[in-house]
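As provided, query-v8.cif (mmCIF, C-alpha atoms) reads as follows.
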data_query
loop_
_atom_site.group_PDB
_atom_site.id
_atom_site.type_symbol
_atom_site.label_atom_id
_atom_site.label_comp_id
_atom_site.auth_asym_id
_atom_site.auth_seq_id
_atom_site.Cartn_x
_atom_site.Cartn_y
_atom_site.Cartn_z
ATOM 1 C CA GLU T 1 -60.403 -20.576 -60.017
ATOM 2 C CA THR T 2 -57.830 -22.453 -62.052
ATOM 3 C CA GLY T 3 -56.791 -24.954 -59.391
ATOM 4 C CA VAL T 4 -53.619 -22.996 -58.652
ATOM 5 C CA THR T 5 -54.064 -20.546 -55.772
ATOM 6 C CA GLN T 6 -51.642 -17.731 -55.036
ATOM 7 C CA THR T 7 -51.579 -15.593 -51.930
ATOM 8 C CA PRO T 8 -51.512 -12.743 -51.310
ATOM 9 C CA ARG T 9 -53.036 -11.192 -54.423
ATOM 10 C CA HIS T 10 -51.378 -7.853 -53.707
ATOM 11 C CA LEU T 11 -48.310 -7.040 -51.623
ATOM 12 C CA VAL T 12 -46.551 -3.776 -50.858
ATOM 13 C CA MET T 13 -43.221 -4.077 -49.099
ATOM 14 C CA GLY T 14 -40.296 -1.907 -48.199
ATOM 15 C CA MET T 15 -36.794 -2.634 -49.393
ATOM 16 C CA THR T 16 -35.739 -3.874 -45.965
ATOM 17 C CA ASN T 17 -38.731 -6.148 -45.414
ATOM 18 C CA LYS T 18 -38.898 -9.928 -45.624
ATOM 19 C CA LYS T 19 -42.036 -11.452 -47.097
ATOM 20 C CA SER T 20 -43.130 -14.689 -48.735
ATOM 21 C CA LEU T 21 -45.396 -15.518 -51.631
ATOM 22 C CA LYS T 22 -47.359 -18.743 -51.492
ATOM 23 C CA CYS T 23 -48.623 -21.005 -54.239
ATOM 24 C CA GLU T 24 -50.791 -24.092 -53.790
ATOM 25 C CA GLN T 25 -52.134 -26.601 -56.289
ATOM 26 C CA HIS T 26 -54.290 -29.677 -55.859
ATOM 27 C CA LEU T 27 -54.276 -30.821 -59.464
ATOM 28 C CA GLY T 28 -51.966 -33.749 -58.859
ATOM 29 C CA HIS T 29 -49.173 -32.039 -60.770
ATOM 30 C CA ASN T 30 -45.539 -32.790 -60.038
ATOM 31 C CA ALA T 31 -43.840 -29.701 -61.433
ATOM 32 C CA MET T 32 -44.194 -26.127 -60.232
ATOM 33 C CA TYR T 33 -42.809 -22.877 -61.578
ATOM 34 C CA TRP T 34 -42.291 -19.240 -60.654
ATOM 35 C CA TYR T 35 -42.533 -16.618 -63.400
ATOM 36 C CA LYS T 36 -42.017 -12.871 -63.180
ATOM 37 C CA GLN T 37 -43.880 -10.414 -65.396
ATOM 38 C CA SER T 38 -42.651 -6.832 -65.318
ATOM 39 C CA ALA T 39 -44.622 -4.055 -66.933
ATOM 40 C CA LYS T 40 -44.747 -4.374 -70.725
ATOM 41 C CA LYS T 41 -42.313 -7.311 -70.718
ATOM 42 C CA PRO T 42 -42.815 -10.996 -71.519
ATOM 43 C CA LEU T 43 -43.089 -13.519 -68.736
ATOM 44 C CA GLU T 44 -39.666 -14.540 -67.428
ATOM 45 C CA LEU T 45 -39.131 -18.009 -65.997
ATOM 46 C CA MET T 46 -37.466 -17.805 -62.571
ATOM 47 C CA PHE T 47 -37.474 -21.246 -60.977
ATOM 48 C CA VAL T 48 -38.595 -24.783 -61.789
ATOM 49 C CA TYR T 49 -39.268 -27.636 -59.379
ATOM 50 C CA ASN T 50 -39.809 -31.221 -60.507
ATOM 51 C CA PHE T 51 -40.884 -33.655 -57.772
ATOM 52 C CA LYS T 52 -39.878 -31.069 -55.146
ATOM 53 C CA GLU T 53 -36.358 -30.768 -56.551
ATOM 54 C CA GLN T 54 -35.182 -27.512 -58.058
ATOM 55 C CA THR T 55 -34.133 -28.132 -61.630
ATOM 56 C CA GLU T 56 -33.859 -24.612 -62.966
ATOM 57 C CA ASN T 57 -32.669 -21.303 -61.591
ATOM 58 C CA ASN T 58 -32.772 -18.818 -64.394
ATOM 59 C CA SER T 59 -30.006 -16.537 -63.086
ATOM 60 C CA VAL T 60 -32.286 -15.124 -60.441
ATOM 61 C CA PRO T 61 -30.704 -12.850 -57.787
ATOM 62 C CA SER T 62 -30.280 -14.394 -54.351
ATOM 63 C CA ARG T 63 -32.752 -11.943 -52.816
ATOM 64 C CA PHE T 64 -35.366 -14.320 -54.256
ATOM 65 C CA SER T 65 -35.335 -17.688 -52.491
ATOM 66 C CA PRO T 66 -37.745 -20.466 -53.540
ATOM 67 C CA GLU T 67 -38.931 -23.315 -51.368
ATOM 68 C CA CYS T 68 -40.916 -26.390 -52.346
ATOM 69 C CA PRO T 69 -41.783 -28.493 -49.278
ATOM 70 C CA ASN T 70 -44.015 -30.863 -51.262
ATOM 71 C CA SER T 71 -45.468 -31.255 -54.729
ATOM 72 C CA SER T 72 -48.505 -29.167 -53.849
ATOM 73 C CA HIS T 73 -46.877 -26.103 -52.336
ATOM 74 C CA LEU T 74 -44.358 -23.581 -53.564
ATOM 75 C CA PHE T 75 -43.070 -20.488 -51.828
ATOM 76 C CA LEU T 76 -41.001 -17.519 -52.937
ATOM 77 C CA HIS T 77 -39.198 -15.839 -50.058
ATOM 78 C CA LEU T 78 -38.308 -12.213 -50.635
ATOM 79 C CA HIS T 79 -35.747 -10.079 -48.810
ATOM 80 C CA THR T 80 -34.024 -6.752 -49.442
ATOM 81 C CA LEU T 81 -35.790 -6.275 -52.752
ATOM 82 C CA GLN T 82 -35.316 -3.334 -55.082
ATOM 83 C CA PRO T 83 -38.001 -1.142 -56.662
ATOM 84 C CA GLU T 84 -37.278 -2.763 -60.042
ATOM 85 C CA ASP T 85 -38.464 -6.064 -58.558
ATOM 86 C CA SER T 86 -41.986 -4.693 -58.591
ATOM 87 C CA ALA T 87 -43.916 -6.993 -60.902
ATOM 88 C CA LEU T 88 -46.624 -9.619 -61.208
ATOM 89 C CA TYR T 89 -45.308 -12.929 -59.871
ATOM 90 C CA LEU T 90 -47.025 -15.956 -61.334
ATOM 91 C CA CYS T 91 -46.987 -19.533 -60.181
ATOM 92 C CA ALA T 92 -47.767 -22.443 -62.511
ATOM 93 C CA SER T 93 -47.931 -26.213 -62.287
ATOM 94 C CA SER T 94 -47.865 -29.091 -64.749
ATOM 95 C CA GLN T 95 -47.261 -32.787 -65.075
ATOM 96 C CA VAL T 96 -43.584 -33.546 -65.326
ATOM 97 C CA GLN T 97 -43.767 -35.450 -68.546
ATOM 98 C CA GLY T 98 -46.284 -35.764 -71.308
ATOM 99 C CA SER T 99 -47.714 -32.410 -70.378
ATOM 100 C CA ASN T 100 -50.645 -32.670 -72.707
ATOM 101 C CA TYR T 101 -52.422 -29.691 -71.227
ATOM 102 C CA GLY T 102 -49.427 -27.515 -70.616
ATOM 103 C CA TYR T 103 -49.275 -25.358 -67.564
ATOM 104 C CA THR T 104 -51.992 -24.168 -65.214
ATOM 105 C CA PHE T 105 -51.296 -20.691 -63.877
ATOM 106 C CA GLY T 106 -52.470 -18.959 -60.767
ATOM 107 C CA SER T 107 -53.813 -15.410 -60.786
ATOM 108 C CA GLY T 108 -50.524 -13.999 -59.555
ATOM 109 C CA THR T 109 -49.293 -11.740 -56.783
ATOM 110 C CA ARG T 110 -48.914 -8.086 -57.691
ATOM 111 C CA LEU T 111 -45.798 -6.967 -55.800
ATOM 112 C CA THR T 112 -44.854 -3.351 -55.251
ATOM 113 C CA VAL T 113 -41.500 -2.548 -53.643
ATOM 114 C CA VAL T 114 -41.294 0.921 -52.125
ATOM 115 C CA ASP R 1 -36.165 -23.991 -77.848
ATOM 116 C CA ALA R 2 -37.715 -22.900 -81.125
ATOM 117 C CA LYS R 3 -38.707 -19.278 -81.268
ATOM 118 C CA THR R 4 -41.965 -17.894 -82.522
ATOM 119 C CA THR R 5 -42.942 -14.730 -84.344
ATOM 120 C CA GLN R 6 -46.337 -13.119 -83.846
ATOM 121 C CA PRO R 7 -47.781 -9.761 -84.884
ATOM 122 C CA PRO R 8 -47.763 -7.419 -81.875
ATOM 123 C CA SER R 9 -51.421 -6.472 -82.202
ATOM 124 C CA MET R 10 -54.639 -7.246 -84.078
ATOM 125 C CA ASP R 11 -58.206 -6.015 -84.076
ATOM 126 C CA CYS R 12 -61.305 -8.090 -84.627
ATOM 127 C CA ALA R 13 -64.997 -7.206 -84.810
ATOM 128 C CA GLU R 14 -67.233 -8.817 -82.235
ATOM 129 C CA GLY R 15 -68.938 -11.908 -83.619
ATOM 130 C CA ARG R 16 -66.399 -12.389 -86.382
ATOM 131 C CA ALA R 17 -63.663 -14.991 -86.498
ATOM 132 C CA ALA R 18 -60.295 -13.973 -85.119
ATOM 133 C CA ASN R 19 -57.343 -15.561 -86.916
ATOM 134 C CA LEU R 20 -54.059 -15.195 -85.056
ATOM 135 C CA PRO R 21 -50.934 -16.236 -87.000
ATOM 136 C CA CYS R 22 -47.682 -17.594 -85.635
ATOM 137 C CA ASN R 23 -44.428 -18.432 -87.390
ATOM 138 C CA HIS R 24 -42.169 -21.113 -85.931
ATOM 139 C CA SER R 25 -39.839 -21.986 -88.790
ATOM 140 C CA THR R 26 -37.195 -23.663 -86.576
ATOM 141 C CA ILE R 27 -39.581 -26.024 -84.792
ATOM 142 C CA SER R 28 -38.176 -29.485 -84.078
ATOM 143 C CA GLY R 29 -39.921 -32.747 -84.883
ATOM 144 C CA ASN R 30 -41.043 -33.494 -81.325
ATOM 145 C CA GLU R 31 -42.039 -29.966 -80.355
ATOM 146 C CA TYR R 32 -45.649 -29.059 -79.833
ATOM 147 C CA VAL R 33 -47.312 -25.753 -80.599
ATOM 148 C CA TYR R 34 -49.109 -24.329 -77.552
ATOM 149 C CA TRP R 35 -51.407 -21.355 -77.378
ATOM 150 C CA TYR R 36 -52.142 -19.428 -74.206
ATOM 151 C CA ARG R 37 -53.883 -16.170 -73.564
ATOM 152 C CA GLN R 38 -53.554 -13.626 -70.787
ATOM 153 C CA ILE R 39 -56.378 -11.326 -69.896
ATOM 154 C CA HIS R 40 -55.211 -8.140 -68.246
ATOM 155 C CA SER R 41 -53.493 -8.709 -64.882
ATOM 156 C CA GLN R 42 -54.436 -12.382 -64.718
ATOM 157 C CA GLY R 43 -52.334 -15.508 -65.148
ATOM 158 C CA PRO R 44 -52.050 -17.019 -68.632
ATOM 159 C CA GLN R 45 -54.750 -19.505 -69.590
ATOM 160 C CA TYR R 46 -54.152 -22.604 -71.688
ATOM 161 C CA ILE R 47 -56.166 -22.619 -74.918
ATOM 162 C CA ILE R 48 -55.049 -25.464 -77.151
ATOM 163 C CA HIS R 49 -52.016 -27.337 -78.371
ATOM 164 C CA GLY R 50 -51.048 -29.574 -81.301
ATOM 165 C CA LEU R 51 -48.189 -31.483 -82.888
ATOM 166 C CA LYS R 52 -49.021 -31.711 -86.573
ATOM 167 C CA ASN R 53 -52.740 -32.353 -86.950
ATOM 168 C CA ASN R 54 -55.338 -29.631 -86.735
ATOM 169 C CA GLU R 55 -57.033 -29.478 -83.362
ATOM 170 C CA THR R 56 -60.340 -28.116 -82.106
ATOM 171 C CA ASN R 57 -61.800 -27.706 -78.648
ATOM 172 C CA GLU R 58 -64.533 -25.650 -77.058
ATOM 173 C CA MET R 59 -62.382 -22.532 -77.069
ATOM 174 C CA ALA R 60 -60.630 -22.495 -80.418
ATOM 175 C CA SER R 61 -59.219 -24.286 -83.439
ATOM 176 C CA LEU R 62 -55.549 -24.703 -84.245
ATOM 177 C CA ILE R 63 -54.434 -25.033 -87.844
ATOM 178 C CA ILE R 64 -50.840 -26.188 -88.348
ATOM 179 C CA THR R 65 -49.302 -26.076 -91.820
ATOM 180 C CA GLU R 66 -48.060 -29.309 -93.320
ATOM 181 C CA ASP R 67 -44.424 -28.253 -92.969
ATOM 182 C CA ARG R 68 -45.178 -27.195 -89.341
ATOM 183 C CA LYS R 69 -43.409 -23.894 -89.833
ATOM 184 C CA SER R 70 -46.472 -21.844 -89.002
ATOM 185 C CA SER R 71 -49.856 -22.109 -87.351
ATOM 186 C CA THR R 72 -53.065 -20.146 -86.913
ATOM 187 C CA LEU R 73 -55.282 -19.946 -83.862
ATOM 188 C CA ILE R 74 -58.901 -19.387 -84.771
ATOM 189 C CA LEU R 75 -61.511 -18.007 -82.378
ATOM 190 C CA PRO R 76 -64.649 -18.701 -84.420
ATOM 191 C CA HIS R 77 -66.931 -16.046 -82.925
ATOM 192 C CA ALA R 78 -64.898 -13.488 -81.002
ATOM 193 C CA THR R 79 -66.516 -11.761 -78.042
ATOM 194 C CA LEU R 80 -65.396 -8.733 -76.047
ATOM 195 C CA ARG R 81 -64.174 -11.123 -73.353
ATOM 196 C CA ASP R 82 -61.657 -12.563 -75.824
ATOM 197 C CA THR R 83 -59.675 -9.316 -75.674
ATOM 198 C CA ALA R 84 -56.299 -10.475 -74.367
ATOM 199 C CA VAL R 85 -52.672 -11.118 -75.234
ATOM 200 C CA TYR R 86 -52.313 -14.413 -77.104
ATOM 201 C CA TYR R 87 -49.060 -16.331 -76.872
ATOM 202 C CA CYS R 88 -47.842 -18.937 -79.334
ATOM 203 C CA ILE R 89 -45.162 -21.169 -77.814
ATOM 204 C CA VAL R 90 -43.305 -24.206 -79.075
ATOM 205 C CA SER R 91 -41.999 -26.726 -76.591
ATOM 206 C CA GLY R 92 -41.172 -30.392 -76.316
ATOM 207 C CA PRO R 93 -43.274 -32.860 -74.312
ATOM 208 C CA ASN R 94 -40.683 -33.784 -71.719
ATOM 209 C CA ALA R 95 -39.786 -32.504 -68.278
ATOM 210 C CA GLY R 96 -36.839 -30.494 -69.517
ATOM 211 C CA ASN R 97 -38.841 -28.570 -72.053
ATOM 212 C CA MET R 98 -40.297 -25.515 -70.449
ATOM 213 C CA LEU R 99 -42.631 -22.856 -71.745
ATOM 214 C CA THR R 100 -40.821 -19.709 -72.816
ATOM 215 C CA PHE R 101 -43.115 -16.771 -73.478
ATOM 216 C CA GLY R 102 -42.507 -14.120 -76.107
ATOM 217 C CA GLY R 103 -44.335 -10.870 -76.601
ATOM 218 C CA GLY R 104 -47.531 -12.402 -77.997
ATOM 219 C CA THR R 105 -50.300 -10.727 -79.990
ATOM 220 C CA ARG R 106 -52.564 -8.232 -78.292
ATOM 221 C CA LEU R 107 -56.040 -8.950 -79.678
ATOM 222 C CA MET R 108 -58.606 -6.225 -79.316
ATOM 223 C CA VAL R 109 -62.176 -7.309 -79.996
ATOM 224 C CA LYS R 110 -64.306 -4.299 -80.852
ATOM 225 C CA PRO R 111 -68.094 -3.952 -80.757
#

Is it possible to express this structure as structure tokens?
Amino acid sequence: ETGVTQTPRHLVMGMTNKKSLKCEQHLGHNAMYWYKQSAKKPLELMFVYNFKEQTENNSVPSRFSPECPNSSHLFLHLHTLQPEDSALYLCASSQVQGSNYGYTFGSGTRLTVV
Amino acid sequence: DAKTTQPPSMDCAEGRAANLPCNHSTISGNEYVYWYRQIHSQGPQYIIHGLKNNETNEMASLIITEDRKSSTLILPHATLRDTAVYYCIVSGPNAGNMLTFGGGTRLMVKP
């Protein structure tokens, strides 16, 4: 375990479903991130939260909706997804400044949209 | 953000040192060099980072050239479990400087 826990590990959903991905960290970090990793592609940054405030939305479609109720929890709400949204979704956390040890990543949620 | 260039793949014999190069010729003065690795279907794992001095920890050593335009990650005694994609990333130390991943180097450690 890295200290960043993602649930569920695997998710299959239909294009009309609504689901949520959850990320939790108890490392005392103040920044949390969502990344997407499609097959054979580099990790793509989706969203950034610093002290619960969203500071980055990397041109992500509105069918992905993040929520950060506190510094320890991050959600990614999914609705009306497309098959091309199938990917590994990774959550990470870090200190806001002076991030001497970079990011700590969770193990990811493998999402399949059918 | 500065961009990095890494070879797409490398092989290494088990027990030998693995030397993974990275070019970052446009790195800025306050940007660090970070190395992460990603074992298949897992989240990336932090390995090491440095600014200008060479660094060593229990996982690896990082050698940064004097002009900071390139670096080398050294795994001193590679094992089969070191087979992974290794990412070299440059980023500043502040809140606005985020990690941007490239394609990395796929290291295959062979028996």

Neighbours of chain T in chain R at 9 Å, counting all atoms listed in the file, as a PDB file with C-alpha atoms, keeping the file's coordinate frame:
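Heads up, here's the output in out-v3.pdb:
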ATOM      1  CA  TYR R  34     -49.109 -24.329 -77.552  1.00  0.00           C
ATOM      2  CA  SER R  41     -53.493  -8.709 -64.882  1.00  0.00           C
ATOM      3  CA  GLN R  42     -54.436 -12.382 -64.718  1.00  0.00           C
ATOM      4  CA  GLY R  43     -52.334 -15.508 -65.148  1.00  0.00           C
ATOM      5  CA  PRO R  44     -52.050 -17.019 -68.632  1.00  0.00           C
ATOM      6  CA  GLN R  45     -54.750 -19.505 -69.590  1.00  0.00           C
ATOM      7  CA  TYR R  46     -54.152 -22.604 -71.688  1.00  0.00           C
ATOM      8  CA  ILE R  47     -56.166 -22.619 -74.918  1.00  0.00           C
ATOM      9  CA  ILE R  48     -55.049 -25.464 -77.151  1.00  0.00           C
ATOM     10  CA  HIS R  49     -52.016 -27.337 -78.371  1.00  0.00           C
ATOM     11  CA  GLY R  92     -41.172 -30.392 -76.316  1.00  0.00           C
ATOM     12  CA  PRO R  93     -43.274 -32.860 -74.312  1.00  0.00           C
ATOM     13  CA  ASN R  94     -40.683 -33.784 -71.719  1.00  0.00           C
ATOM     14  CA  ALA R  95     -39.786 -32.504 -68.278  1.00  0.00           C
ATOM     15  CA  GLY R  96     -36.839 -30.494 -69.517  1.00  0.00           C
ATOM     16  CA  MET R  98     -40.297 -25.515 -70.449  1.00  0.00           C
ATOM     17  CA  LEU R  99     -42.631 -22.856 -71.745  1.00  0.00           C
ATOM     18  CA  THR R 100     -40.821 -19.709 -72.816  1.00  0.00           C
ATOM     19  CA  PHE R 101     -43.115 -16.771 -73.478  1.00  0.00           C
ATOM     20  CA  GLY R 102     -42.507 -14.120 -76.107  1.00  0.00           C
ATOM     21  CA  GLY R 103     -44.335 -10.870 -76.601  1.00  0.00           C
ATOM     22  CA  GLY R 104     -47.531 -12.402 -77.997  1.00  0.00           C
TER      23      GLY R 104
END

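For the pair CA of Glu14 in chain R and CA of Arg106 in chain R, the separation is 15.2 Å.
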
Name the residues in contact with Asn19 in chain R at a cut-off of 12 Å, using all atoms listed in the file, excluding same-chain residues fewer than 2 positions from it; report them as a PyMOL selection string. chain R and resi 6-7+9-13+16-17+21-22+60-63+71-78+86+105+107+109

For CA of Ser91 in chain R and CA of Leu27 in chain T, quote the distance in Å rounded to one decimal.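 Computing it gives 21.5 Å between the two atoms.
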
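The space between CA of Glu1 in chain T and CA of Met32 in chain T spans 17.1 Å.
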
So which residues get picked by the PyMOL selection byres ((chain T and resi 78) around 12) here, written as a PyMOL selection string? chain T and resi 11-22+60-67+75-77+79-82+85-86+89+111-113

Could you tell me which residues the PyMOL selection byres ((chain R and resi 66) around 12) grabs in this file, written as a PyMOL selection string? chain R and resi 25+51-54+63-65+67-71

Nearest-residue call for Leu74 in chain T, choices T:Val114, T:Phe47, T:Glu24, T:Gln6, using all atoms listed in the file: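 Of the candidates, the smallest distance to Leu74 in chain T is held by T:Glu24.
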
Chain and number of each residue from the PyMOL selection byres ((chain R and resi 26) around 9), as a PyMOL selection string: chain R and resi 1-4+23-25+27-28+69

Quick one: of R:Gly50, R:Gly29, R:Pro111, R:Gly15, who's nearest to Ile89 in chain R, counting all atoms listed in the file?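 Once distances to Ile89 in chain R are computed over all atoms listed in the file, the minimum belongs to R:Gly50.
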
Centre, edges in Å (one decimal): axis-aligned box, range 13-31 of chain T, 6 Å padding on all six sides, as lines of an AutoDock Vina configuration file:
center_x = -45.0
center_y = -17.8
center_z = -53.4
size_x = 30.6
size_y = 43.8
size_z = 28.0
